[in-house]
Amino acid sequence: MELIIIGLLGGLITGISPCILPVLPVIFLTGGAQSARFESADAGAPAPARRSRPYLVIAGLVVSFTLVTLVGSLLLGLLNLPQDVIRWVGIAVLVLIGVGLLIPKVEELLEKPFQWIPRKEVANGGSGFGVGLALGAVFVPCAGPVLAAIIVAGATGRIGLDTVLLTASFAIGVAIPLLVFALAGRGVVERIRAFRTRERGLRIAAGVAMLALAVGLLFNVPQQLQRLLPDYTAQLQQDLTDNEQAAKALNLGGIVTDENRELDNCTNGAEQLESCGTAPEIRGIESWLNTPDGAGVQLADLRGKVVLIDFWAYSCINCQRSIPHVVAWDEAYRDAGLDVIGIHSPEYAFEKDAGNVAAGAEDFGITYPVALDNALSTWTAYRNRYWPAYYLIDASGTVRHISFGEGNYAATEKMIRELLEDANPSVALPPATDVADETPQNGSTTPETFLGSGKDVNFAGPDAYRAGERTYAFPAEQAGDTFALEGPWRVETQFATPSGESPAGIRLHYRAGEVRMVMAGSGQVQVTDADGARTRIEVSGTPRSYEVVAPGGNRDGTLTVEVAPGVEVYSFTFG
């Protein structure tokens, strides 16, 4: 029962989230549009679309959404088809239906293969189920934690009664708010006489909306629009799933399968090689960087070579400190038989953008293959929980070493060399790499500090830190390892930005040898330290990390930051 409730609530939240905005015009208009046949049924008064049409549109969406989400990834994998083929089919169907609404002759051609079905069941005006099927295929990428759990279950082949119940309840939850919009569209058509006498115009509007959605999907316009809109349901999703009961019910990221069960045999950061089962295959990747023509990499094709898998995210400060080691290993041992694969598993929504990841990889000097694991499918297949995380795989495909977080570099490199010699006893290895280990000592550094409402843990203000606009004031006393705000701010799920016409302030107490800020937008930021020294930073473009305090000896410090309107502050990171 708990699983069904979580599924329903998760679906309801998704159904009112920004991800549904691109399909709303289509759902609204197709709720009242009719086919060419019904349009000509009575020359004097066009018959309205059947009253069941909105329900059939949503029913088609639910069926498609459920099947594609639950078994789509598994079936495509069995057929060796690209994971996005269903999305492309959905877009193509939207185009055909849109053109059919605009040009009745095209609609008649599309219906010819189904003429053996009784005429009354073919007419688009009496159905809408096909429209729903197409919408469900393109609606699948809208995912929160509940849907992510369903996708992971499907991708790993773990489809039992609990998964089916969760999927069905989630789909019903999504359908409820969408059905409201579809019924609203039908109601408008029925109540406004002008629409009843201009049915052709309504059909054209519905056709244009479908074609616009299809073109937008081709160029990822919905995702770009969603990045511009505040994610007003993210906190609801987090509140729903960020508890022990929900995590247990959903098995979020912890699904144990025969493929990953033996990973538990590895000890984090062990000094010696261990045997932890065959490495799970890389799956659910949206795109690849640094491969010929963007082709994917399969571990099965790398038998005979030593493989290092690195889970990372480009704005993660821990990853930024560890990547120089990985890059050095790749450069030193690539010719000796080491293949490094970066699995980019995003922590922020902006980290899903391929252009942002490519720019980050270039900045770090990464030339080895990078997989964009935007749905966290590979992350979850490995039951991973850390940025960074390393999985060292021998020439037979067995995981021999796992290391979570920073550090342990010397031991990891020692085992890389050992596995390379095991795979090829005659190999001539270069000297060990010499990259400084800048891992902060435990307890000596302020933890990463987030300004978004979704991850705040160390706000120093007297009141709760929540999303929305309000005016803040620095507290009279501020504890160490905390931040405070001053002036008018708008706090979003992932960042905070001044909401007034003048700069707003941040005061930070920290312990670190280096301080960086992850920021985006456009404007100037002025940083003042405890001695009154000032630094100005010009912020421009997509989110990236800016140096605030240059690397040096570990220190206790206080910074006052003036942030201009137009600048989005995501986090402080420390080294």
# chains A, B, ... in the order shown; residues from 1 in each chain; ligands from 1
call {"tool": "select_by_dssp", "arguments": {"residues": "region 233-462 of chain A", "states": "strand (DSSP E)", "output": "ChimeraX atom specification"}}
result
/A:288-289,306-312,338-344,370-372,389-393,399-404,449-450
call {"tool": "residues_around", "arguments": {"residues": "region 274-279 of chain A", "least_positions_apart": "6", "cutoff": "12 Å", "atoms": "only C-alpha atoms", "output": "VMD selection string"}}
result
chain A and resid 257 to 268 298 to 300 302 to 303 306 to 309 378 381 to 383 391 to 403 415 419
call {"tool": "atom_distance", "arguments": {"atom1": "CA of Ala361 (chain A)", "atom2": "CA of Asn554 (chain A)"}}
result
27.8 Å
call {"tool": "atom_distance", "arguments": {"atom1": "CA of Ala375 (chain A)", "atom2": "CA of Ala182 (chain A)"}}
result
29.0 Å
call {"tool": "atom_distance", "arguments": {"atom1": "CA of Glu538 (chain A)", "atom2": "CA of Gly566 (chain A)"}}
result
11.6 Å
